[in-house]
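So the structure is just underneath, and the comments pick up after that.
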Amino acid sequence: MTDKFIYNDVTISNMAELMCELKEEQEISQICKDHSLNMALLKNFFVLASKGFNNAELAQKLGVHRVTVQRYCHELRNMEQSKHEKLFYFALRREK
Amino acid sequence: MRQDVNTGTGKTLNIPTRMFKPSDLSDMQVDFVEKQMLFNKAKYNEQFPEVGEETSNSMPVINYPDCSNVQFSENILADVVGKQFNASGDFIILPYFKDETEYDIGVKLSLAKRLKAQTEKEIIMEISYKTEKTVMDRIVSSSEDFDCVSIFYGVHFGRFPSFQKICERIVYLRRETGKKVFCTGVPLMFSEDRKVVNSVLLPIWDLVCDGWVKNWRRGGGATEIRLIDFVDKKNKNLMEWLKSHTYGEEVKYVNVSVCSLFQDGKDDSQRREIYTKMLVDEELNEVASITPTNMEEYMIRRCPPIYQTLVLTSYIEKLIQRNTRKESWSIYNRDELNLLADCLRKTFSPKALEKEIMSIESMVEEKVPVEMLITTVNKLRMG
């Protein structure tokens, strides 16, 4: 059976998947808002941190204050484990 | 909407770029910031400060002779250009002089032409944000002789009339020359409306130009302690803070109460300084991560209404020029591209414009005539 397009790239079969993605995105942006984190910066932060760069190198690559990098580390350390994991996997999935 | 470009000397630059002064780097506690510019400023009659090897390898360097307080003279111009020519920077700037005339700009243009043939460094032509239209036309007609334009703003507090002038010039020069447009000496604080009483943090330079450096002159000392509120980014005194915060509320970044942040001790003033730096850093990060998709949301949330049209117009022009001047679009001649750009300019939403450009991108690869592209854009707009 051929798939029906509902709107732009939304079809009947991928609609549920897209809605889940949207919900996840809203959840992530709420976590970022609660902890004063910038989603775009956080994504690059995770990608570079997973490559083993230290705070100074992260600041040089991201173009931010070294204290900002320290703040991000501090926020992520003190965050609930589940939220931290959500952010991490969301950021890395986006990067791929 | 960020992109990597190569400088004439082979370094990579990520635009829009913030030009960091050496003092900015030491404030940020880093030695360099990758793919961003180093703004190595000196007074016109002084030598440029030494730049470390690690820094100059990682950042394109602009040695900037500050002539904004000196009257134009051919000798001074030759001297400051000669110094840049021999120094190890990646650009040569023909700087703005105090109250420069059309004749002075003519001399700078003829020097740019001679320099262009002699060096691989990129030539930057700098003018004032007040430059007249006739002079701008002359700059446009000589645009083959330089690689970038820089507009000198030189104020520490932005107001609507001057911001309107600089935006008009940015859009005009970008549209007519297609060159990168930088802004020097820009403010981060703007008056919220036409009165000067209320000020707001508005570092929107990444959205309107391709590179910027904050003004290096200090403003007059304030008579009372004022701080930018982290919620609405407005500059307020203690009484104004207490309208939206409680006395003992903890302020983020410094983890002290509102009350103690406004005390007059030495530690408190250091805390205020750290707080402001952190806040500005966060705001700059937010602006740097803006894309055409979330641009309008940011404008509505953060930008005072009187500035919105100017910022949006500059951003849209940037989007149009970035795409229509791509290598793959060079199959069309200048007149055809101008027709297409005029059609795209009728869309006043960056998100919708991006969608329109994406929809005709594949048609460009198939070398579809420009009339067809215009028809497709119009159809899309009609829904």
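Within each chain, counting starts at residue 1; across the structure tokens, chains are named A, B, ... in the order shown, with ligands numbered 1 upward in that order.
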Q.
Need the shell around A:Cys32: protein/DNA/RNA residues with any atom at most 10 Å away, counting only C-alpha atoms. Skip same-chain ones fewer than 6 positions apart. Format as a ChimeraX atom specification?
A. /A:26,38-39,42,83,87
Got time to write the residues from that selection, C-alpha atoms, as a compact mmCIF listing (two decimals), in the first residue's frame?
# COMPACT_ATOMS: atom_id res chain seq x y z
CA GLN A 26 10.21 19.93 24.08
CA ASN A 38 22.12 26.53 25.49
CA MET A 39 21.04 23.52 23.45
CA LEU A 42 25.54 21.79 24.72
CA LYS A 83 18.11 14.04 32.66
CA LEU A 87 20.60 15.34 27.05
Using only C-alpha atoms, which residues of chain A come within 6 Å of chain B, and what is the closest atom pair for each, with the distance in Å to one decimal? Give it as JSON lines, sorted by chain and residue number.
{"residue": "A:Ala40", "atom": "CA", "partner": "B:Ser289", "partner_atom": "CA", "distance": 6.0}
{"residue": "A:Gln60", "atom": "CA", "partner": "B:Val33", "partner_atom": "CA", "distance": 4.4}
{"residue": "A:Lys61", "atom": "CA", "partner": "B:Glu34", "partner_atom": "CA", "distance": 5.4}
{"residue": "A:Gly63", "atom": "CA", "partner": "B:Val33", "partner_atom": "CA", "distance": 5.2}
{"residue": "A:His65", "atom": "CA", "partner": "B:Met28", "partner_atom": "CA", "distance": 4.3}
{"residue": "A:Arg66", "atom": "CA", "partner": "B:Met28", "partner_atom": "CA", "distance": 5.6}
Do you know which residues are at most 12 Å from B:Glu250 counting only C-alpha atoms, after dropping those on the same chain fewer than 5 positions away, and could you put them as number ranges by chain? B: 230, 245, 255-261
Could you write those residues out with N, CA and C atoms, as an mmCIF file, in the first residue's frame?
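Dumped everything to again37.cif:
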data_model
loop_
_atom_site.group_PDB
_atom_site.id
_atom_site.type_symbol
_atom_site.label_atom_id
_atom_site.label_comp_id
_atom_site.auth_asym_id
_atom_site.auth_seq_id
_atom_site.Cartn_x
_atom_site.Cartn_y
_atom_site.Cartn_z
ATOM 1 N N PHE B 230 18.899 39.039 34.547
ATOM 2 C CA PHE B 230 19.076 37.830 33.731
ATOM 3 C C PHE B 230 17.765 37.338 33.106
ATOM 4 N N HIS B 245 12.057 40.476 41.267
ATOM 5 C CA HIS B 245 12.793 39.499 42.086
ATOM 6 C C HIS B 245 12.573 39.837 43.557
ATOM 7 N N ASN B 255 25.635 32.959 42.573
ATOM 8 C CA ASN B 255 25.031 32.325 43.748
ATOM 9 C C ASN B 255 25.038 33.195 45.015
ATOM 10 N N VAL B 256 24.742 34.462 44.856
ATOM 11 C CA VAL B 256 24.530 35.335 46.029
ATOM 12 C C VAL B 256 23.158 35.999 45.860
ATOM 13 N N SER B 257 22.652 36.587 46.963
ATOM 14 C CA SER B 257 21.316 37.169 46.878
ATOM 15 C C SER B 257 21.333 38.486 46.095
ATOM 16 N N VAL B 258 20.157 38.881 45.638
ATOM 17 C CA VAL B 258 20.034 40.145 44.899
ATOM 18 C C VAL B 258 20.567 41.286 45.759
ATOM 19 N N CYS B 259 20.194 41.234 47.051
ATOM 20 C CA CYS B 259 20.581 42.288 47.997
ATOM 21 C C CYS B 259 22.101 42.439 48.081
ATOM 22 N N SER B 260 22.807 41.295 48.252
ATOM 23 C CA SER B 260 24.260 41.422 48.433
ATOM 24 C C SER B 260 24.975 41.766 47.122
ATOM 25 N N LEU B 261 24.348 41.454 45.993
ATOM 26 C CA LEU B 261 24.972 41.793 44.713
ATOM 27 C C LEU B 261 25.011 43.311 44.496
#
Residue contacts of B:Thr309 (12 Å, only C-alpha atoms) excluding same-chain residues fewer than 5 positions away, as a PyMOL selection string:
chain B and resi 160+163-164+167-168+208+296+299-300+303-304+314-316+348-349
message: Neighbouring residues of stretch 67-80 of chain A were defined as those with any atom within 7 Å, considering only C-alpha atoms; residues of the same chain fewer than 3 positions away were excluded. Please report them as a VMD selection string.
response: (chain A and resid 35 55 59 64 83 to 84) or (chain B and resid 278)
What separation in Å, quoted to one decimal, exists between atom CA of A:Leu48 and atom CA of B:Trp205?
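Result for atom CA of A:Leu48 versus atom CA of B:Trp205: 26.3 Å, one decimal.
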